[in-house]
>>> print(open('data-v9.pdb').read())   # PDB, C-alpha atoms
ATOM      1  CA  MET A  31      -3.027 -13.182 180.537
ATOM      2  CA  LEU A  32      -3.650 -14.618 183.996
ATOM      3  CA  THR A  33      -1.829 -12.475 186.554
ATOM      4  CA  PHE A  34      -0.177 -13.635 189.745
ATOM      5  CA  GLU A  35      -2.611 -11.591 191.809
ATOM      6  CA  THR A  36      -5.652 -13.109 190.121
ATOM      7  CA  ALA A  37      -4.263 -16.639 190.393
ATOM      8  CA  ALA A  38      -3.313 -16.138 194.042
ATOM      9  CA  ALA A  39      -6.795 -14.874 194.849
ATOM     10  CA  GLU A  40      -8.220 -18.102 193.435
ATOM     11  CA  CYS A  41      -5.651 -20.293 195.195
ATOM     12  CA  GLY A  42      -2.754 -18.767 197.099
ATOM     13  CA  ILE A  43      -0.581 -21.876 196.961
ATOM     14  CA  VAL A  44       2.598 -21.818 194.915
ATOM     15  CA  ALA A  45       3.614 -25.375 194.010
ATOM     16  CA  ILE A  46       7.410 -25.669 194.041
ATOM     17  CA  ILE A  47       8.382 -28.586 191.809
ATOM     18  CA  ARG A  48      12.092 -28.791 192.549
ATOM     19  CA  GLY A  49      13.855 -31.557 190.657
ATOM     20  CA  ILE A  50      11.163 -31.950 187.995
ATOM     21  CA  THR A  51      12.354 -33.449 184.697
ATOM     22  CA  LEU A  52      11.210 -32.365 181.279
ATOM     23  CA  ASP A  53       9.568 -35.698 180.503
ATOM     24  CA  GLU A  54       7.345 -35.555 183.587
ATOM     25  CA  VAL A  55       6.572 -31.847 183.773
ATOM     26  CA  ALA A  56       3.398 -31.995 181.660
ATOM     27  CA  GLY A  57       1.873 -34.802 183.714
ATOM     28  CA  VAL A  58       2.725 -33.150 187.017
ATOM     29  CA  GLY A  59       1.421 -29.835 185.704
ATOM     30  CA  ASP A  60      -1.871 -31.467 184.732
ATOM     31  CA  ALA A  61      -2.173 -33.098 188.160
ATOM     32  CA  LEU A  62      -1.565 -29.782 189.923
ATOM     33  CA  TYR A  63      -3.967 -27.863 187.711
ATOM     34  CA  GLU A  64      -6.765 -30.383 188.077
ATOM     35  CA  ALA A  65      -6.304 -30.279 191.854
ATOM     36  CA  GLY A  66      -6.840 -26.509 191.816
ATOM     37  CA  ILE A  67      -3.256 -25.167 191.885
ATOM     38  CA  ARG A  68      -2.869 -22.031 189.774
ATOM     39  CA  ILE A  69       0.772 -21.027 190.389
ATOM     40  CA  VAL A  70       3.797 -23.253 189.720
ATOM     41  CA  GLU A  71       7.473 -22.563 190.312
ATOM     42  CA  VAL A  72      10.290 -24.552 188.686
ATOM     43  CA  PRO A  73      13.495 -24.012 190.719
ATOM     44  CA  LEU A  74      16.507 -23.359 188.522
ATOM     45  CA  ASN A  75      18.510 -26.114 190.198
ATOM     46  CA  SER A  76      16.179 -28.632 188.556
ATOM     47  CA  PRO A  77      17.172 -30.517 185.371
ATOM     48  CA  GLU A  78      16.575 -28.378 182.249
ATOM     49  CA  PRO A  79      14.537 -25.801 184.195
ATOM     50  CA  PHE A  80      14.091 -23.287 181.390
ATOM     51  CA  ARG A  81      12.749 -25.934 179.031
ATOM     52  CA  SER A  82      10.355 -27.100 181.743
ATOM     53  CA  ILE A  83       9.190 -23.537 182.339
ATOM     54  CA  ALA A  84       8.649 -23.043 178.609
ATOM     55  CA  ALA A  85       6.695 -26.300 178.362
ATOM     56  CA  LEU A  86       4.426 -25.383 181.271
ATOM     57  CA  ALA A  87       3.972 -21.794 180.103
ATOM     58  CA  ALA A  88       2.856 -23.006 176.679
ATOM     59  CA  ARG A  89       0.637 -25.789 178.030
ATOM     60  CA  PHE A  90      -1.184 -23.646 180.594
ATOM     61  CA  GLN A  91      -1.157 -20.254 178.899
ATOM     62  CA  GLY A  92      -3.842 -18.079 180.441
ATOM     63  CA  ARG A  93      -4.800 -20.793 182.933
ATOM     64  CA  MET A  94      -1.827 -21.042 185.297
ATOM     65  CA  VAL A  95       1.004 -18.709 186.305
ATOM     66  CA  VAL A  96       4.391 -20.318 185.738
ATOM     67  CA  GLY A  97       7.816 -19.104 186.747
ATOM     68  CA  ALA A  98      11.166 -19.914 188.262
ATOM     69  CA  GLY A  99      12.518 -20.424 191.725
ATOM     70  CA  THR A 100      16.096 -20.159 193.027
ATOM     71  CA  VAL A 101      16.683 -17.160 190.773
ATOM     72  CA  LEU A 102      20.043 -15.799 191.912
ATOM     73  CA  ASP A 103      21.262 -13.439 189.163
ATOM     74  CA  VAL A 104      20.003 -11.034 186.538
ATOM     75  CA  ASP A 105      20.948 -13.302 183.632
ATOM     76  CA  SER A 106      18.595 -15.941 185.022
ATOM     77  CA  VAL A 107      15.812 -13.371 185.177
ATOM     78  CA  ASP A 108      16.282 -12.708 181.472
ATOM     79  CA  ARG A 109      16.201 -16.423 180.680
ATOM     80  CA  VAL A 110      13.022 -16.908 182.707
ATOM     81  CA  LYS A 111      11.401 -14.102 180.725
ATOM     82  CA  SER A 112      12.524 -15.658 177.450
ATOM     83  CA  ALA A 113      11.054 -19.011 178.509
ATOM     84  CA  GLY A 114       7.656 -17.443 179.096
ATOM     85  CA  GLY A 115       7.817 -17.261 182.881
ATOM     86  CA  GLN A 116       5.825 -14.685 184.816
ATOM     87  CA  ILE A 117       7.359 -14.881 188.296
ATOM     88  CA  SER A 118      10.924 -14.753 189.618
ATOM     89  CA  VAL A 119      11.248 -16.391 193.035
ATOM     90  CA  SER A 120      14.484 -16.266 195.029
ATOM     91  CA  PRO A 121      15.707 -17.694 198.337
ATOM     92  CA  ASP A 122      17.442 -14.395 199.125
ATOM     93  CA  CYS A 123      16.973 -10.645 198.861
ATOM     94  CA  ASN A 124      19.056  -9.357 195.956
ATOM     95  CA  PRO A 125      17.975  -5.827 194.970
ATOM     96  CA  GLU A 126      19.521  -6.194 191.492
ATOM     97  CA  VAL A 127      17.553  -9.368 190.790
ATOM     98  CA  ILE A 128      14.344  -7.773 192.092
ATOM     99  CA  ALA A 129      14.820  -4.642 190.002
ATOM    100  CA  ARG A 130      15.623  -6.678 186.879
ATOM    101  CA  ALA A 131      12.471  -8.743 187.336
ATOM    102  CA  VAL A 132      10.358  -5.605 187.642
ATOM    103  CA  ASP A 133      12.077  -4.111 184.586
ATOM    104  CA  ARG A 134      11.376  -7.246 182.514
ATOM    105  CA  GLY A 135       7.740  -7.418 183.554
ATOM    106  CA  LEU A 136       8.140 -10.361 185.915
ATOM    107  CA  LEU A 137       6.743 -10.436 189.421
ATOM    108  CA  PRO A 138       9.607 -10.775 191.926
ATOM    109  CA  LEU A 139       9.123 -12.873 195.040
ATOM    110  CA  PRO A 140      12.375 -12.521 196.993
ATOM    111  CA  GLY A 141      13.256 -14.528 200.061
ATOM    112  CA  VAL A 142      13.505 -12.528 203.290
ATOM    113  CA  PHE A 143      14.012 -13.489 206.908
ATOM    114  CA  THR A 144      14.507 -10.188 208.741
ATOM    115  CA  PRO A 145      12.735  -6.824 208.729
ATOM    116  CA  THR A 146      15.860  -5.298 207.174
ATOM    117  CA  GLU A 147      15.717  -7.726 204.257
ATOM    118  CA  ALA A 148      11.981  -7.202 203.908
ATOM    119  CA  PHE A 149      12.351  -3.436 203.610
ATOM    120  CA  ASP A 150      15.339  -3.775 201.259
ATOM    121  CA  ALA A 151      13.136  -5.935 199.011
ATOM    122  CA  VAL A 152      10.302  -3.419 199.138
ATOM    123  CA  ARG A 153      12.642  -0.541 198.268
ATOM    124  CA  ALA A 154      13.916  -2.533 195.278
ATOM    125  CA  GLY A 155      10.371  -2.894 193.955
ATOM    126  CA  ALA A 156       8.987  -6.112 195.467
ATOM    127  CA  ARG A 157       5.421  -6.201 196.743
ATOM    128  CA  HIS A 158       5.296  -9.940 197.441
ATOM    129  CA  LEU A 159       7.760 -11.342 199.973
ATOM    130  CA  LYS A 160       8.734 -14.938 200.647
ATOM    131  CA  LEU A 161       9.356 -15.601 204.349
ATOM    132  CA  PHE A 162      11.991 -18.318 204.118
ATOM    133  CA  PRO A 163      12.558 -20.644 205.822
ATOM    134  CA  ALA A 164       9.225 -20.150 207.538
ATOM    135  CA  GLU A 165       9.695 -23.133 209.838
ATOM    136  CA  ALA A 166      12.573 -21.250 211.484
ATOM    137  CA  ALA A 167      10.265 -18.292 212.143
ATOM    138  CA  SER A 168       6.667 -18.262 213.353
ATOM    139  CA  PRO A 169       3.275 -16.722 212.602
ATOM    140  CA  LYS A 170       4.160 -14.087 215.211
ATOM    141  CA  THR A 171       6.922 -12.953 212.842
ATOM    142  CA  VAL A 172       4.373 -12.308 210.114
ATOM    143  CA  LYS A 173       2.075 -10.437 212.471
ATOM    144  CA  ALA A 174       4.902  -8.151 213.588
ATOM    145  CA  TRP A 175       6.018  -7.474 210.031
ATOM    146  CA  LYS A 176       2.481  -6.702 208.882
ATOM    147  CA  ALA A 177       2.308  -3.954 211.494
ATOM    148  CA  VAL A 178       5.182  -2.033 209.890
ATOM    149  CA  LEU A 179       5.316  -3.000 206.210
ATOM    150  CA  PRO A 180       3.359  -1.009 203.603
ATOM    151  CA  LYS A 181      -0.238  -2.186 203.466
ATOM    152  CA  ASP A 182       0.045  -3.406 199.876
ATOM    153  CA  VAL A 183       2.966  -5.742 200.617
ATOM    154  CA  LYS A 184       2.005  -9.407 200.883
ATOM    155  CA  ILE A 185       3.860 -12.166 202.712
ATOM    156  CA  TYR A 186       4.076 -15.795 201.621
ATOM    157  CA  ALA A 187       5.276 -18.426 204.087
ATOM    158  CA  VAL A 188       7.592 -20.989 202.503
ATOM    159  CA  GLY A 189       8.954 -23.987 204.368
ATOM    160  CA  GLY A 190       7.188 -26.195 206.854
ATOM    161  CA  VAL A 191       3.623 -25.229 205.947
ATOM    162  CA  THR A 192       1.093 -28.079 206.011
ATOM    163  CA  PRO A 193      -2.679 -28.274 205.615
ATOM    164  CA  ALA A 194      -2.859 -28.619 209.395
ATOM    165  CA  ASN A 195      -0.972 -25.417 210.276
ATOM    166  CA  MET A 196      -1.966 -23.241 207.317
ATOM    167  CA  LYS A 197      -4.734 -21.453 209.238
ATOM    168  CA  GLU A 198      -2.324 -20.282 211.930
ATOM    169  CA  TRP A 199      -0.142 -18.611 209.299
ATOM    170  CA  ALA A 200      -3.122 -17.154 207.462
ATOM    171  CA  ASP A 201      -4.583 -15.729 210.656
ATOM    172  CA  ALA A 202      -1.256 -13.939 211.246
ATOM    173  CA  GLY A 203      -1.536 -12.246 207.867
ATOM    174  CA  CYS A 204       0.022 -14.529 205.242
ATOM    175  CA  ALA A 205      -1.455 -14.026 201.789
ATOM    176  CA  GLY A 206      -0.327 -17.411 200.546
ATOM    177  CA  PHE A 207       2.145 -20.254 200.778
ATOM    178  CA  GLY A 208       4.953 -21.864 198.839
ATOM    179  CA  ILE A 209       4.793 -25.645 199.107
ATOM    180  CA  GLY A 210       7.663 -27.832 197.963
ATOM    181  CA  SER A 211       8.335 -31.413 198.992
ATOM    182  CA  ASN A 212       4.931 -31.732 200.662
ATOM    183  CA  ILE A 213       3.394 -31.486 197.173
ATOM    184  CA  TYR A 214       6.157 -32.730 194.878
ATOM    185  CA  LYS A 215       9.522 -34.407 195.148
ATOM    186  CA  PRO A 216      11.355 -36.515 192.580
ATOM    187  CA  GLY A 217       9.971 -40.022 192.391
ATOM    188  CA  MET A 218       6.406 -39.137 193.291
ATOM    189  CA  SER A 219       3.700 -40.418 190.962
ATOM    190  CA  THR A 220       1.249 -37.999 189.391
ATOM    191  CA  GLU A 221      -1.444 -39.601 191.542
ATOM    192  CA  ASP A 222       0.538 -38.829 194.704
ATOM    193  CA  VAL A 223       1.117 -35.258 193.533
ATOM    194  CA  ALA A 224      -2.580 -34.815 192.790
ATOM    195  CA  ARG A 225      -3.577 -36.215 196.181
ATOM    196  CA  ALA A 226      -1.177 -33.950 198.068
ATOM    197  CA  ALA A 227      -2.219 -30.912 196.027
ATOM    198  CA  ARG A 228      -5.901 -31.588 196.687
ATOM    199  CA  ASP A 229      -5.214 -31.658 200.430
ATOM    200  CA  PHE A 230      -3.552 -28.251 200.290
ATOM    201  CA  VAL A 231      -6.230 -26.762 198.052
ATOM    202  CA  ALA A 232      -8.926 -28.063 200.400
ATOM    203  CA  ALA A 233      -7.135 -26.419 203.335
ATOM    204  CA  TRP A 234      -6.906 -23.157 201.360
ATOM    205  CA  ASN A 235     -10.573 -23.270 200.463
ATOM    206  CA  GLY A 236     -11.354 -23.894 204.113
ATOM    207  CA  LEU A 237      -9.595 -20.635 204.990
ATOM    208  CA  LYS A 238     -11.761 -18.789 202.489
ATOM    209  CA  GLY A 239     -14.969 -20.516 203.519
ATOM    210  CA  ASN A 240     -15.361 -22.179 200.124
TER     211      ASN A 240
END
>>> encode(input="data-v9.pdb", output="structure tokens")
Amino acid sequence: MLTFETAAAECGIVAIIRGITLDEVAGVGDALYEAGIRIVEVPLNSPEPFRSIAALAARFQGRMVVGAGTVLDVDSVDRVKSAGGQISVSPDCNPEVIARAVDRGLLPLPGVFTPTEAFDAVRAGARHLKLFPAEAASPKTVKAWKAVLPKDVKIYAVGGVTPANMKEWADAGCAGFGIGSNIYKPGMSTEDVARAARDFVAAWNGLKGN
């Protein structure tokens, strides 16, 4: 099974496809995969999110890490697991949700915005943190956090990241990025999704010297 860590090392961009419908999820998934994206998150406030997660997990088994976003309670964690998801992404830091994800073999990616929340997430078992909303913080935030967080904890900037400013965040210590409406929003064609994804993947590869 492809792990989050392995996928993120290949391409540290998490595509957030909020609002995706079941009838378009395969086409959008194909467009993202062919562009080089290896991690996809279906927020639970999308139409039929668990069915979309199951469809993606089956279609890209062993090739792409699929999971849920906007995971707010432990019951949702269980449903993500049942659908074949591998990651549990949240906008907030809920120790119960984090612990349940760890217990069920999912990788938790809780949302944090303060050092207190970051350390609460780490104590609950998270080793990957989502700085959200990143556009309300700055790369200096990441640099300061990296100085005090355990060395194995990784930070992902989510919100406001573009191909143009990605390097600034990476230089501060971000391990990756969650990209939402800049890659996908309802109404976009698969061609538009592919084009946007390629731009982000190219920026990522530029960071790595590929």
>>> residues_around(input="data-v9.pdb", residues="Ile209 (chain A)", least_positions_apart="5", cutoff="9 Å", atoms="only C-alpha atoms", output="list in words")
Ile43, Val44, Ala45, Ile46, Ile47, Ala187, Val188, Gly189, Gly190, Val191, Thr192, Tyr214 and Phe230 of chain A
>>> closest_residue(input="data-v9.pdb", among="A:Ser82, A:Ala87, A:Gly141, A:Ala131", to="Ala164 (chain A)", atoms="all atoms listed in the file")
A:Gly141
>>> atom_distance(input="data-v9.pdb", atom1="CA of Asn75 (chain A)", atom2="CA of Ser120 (chain A)")
11.7 Å
>>> closest_residue(input="data-v9.pdb", among="A:Val110, A:Val101, A:Ala227, A:Ala156", to="Ile128 (chain A)", atoms="only C-alpha atoms")
A:Ala156
>>> residues_around(input="data-v9.pdb", residues="Ile50 (chain A)", least_positions_apart="4", cutoff="9 Å", atoms="all atoms listed in the file", output="list in words")
Glu54, Val55, Val58, Val72, Pro73, Ser76, Pro77, Glu78, Pro79, Ser82, Tyr214, Lys215 and Pro216 of chain A
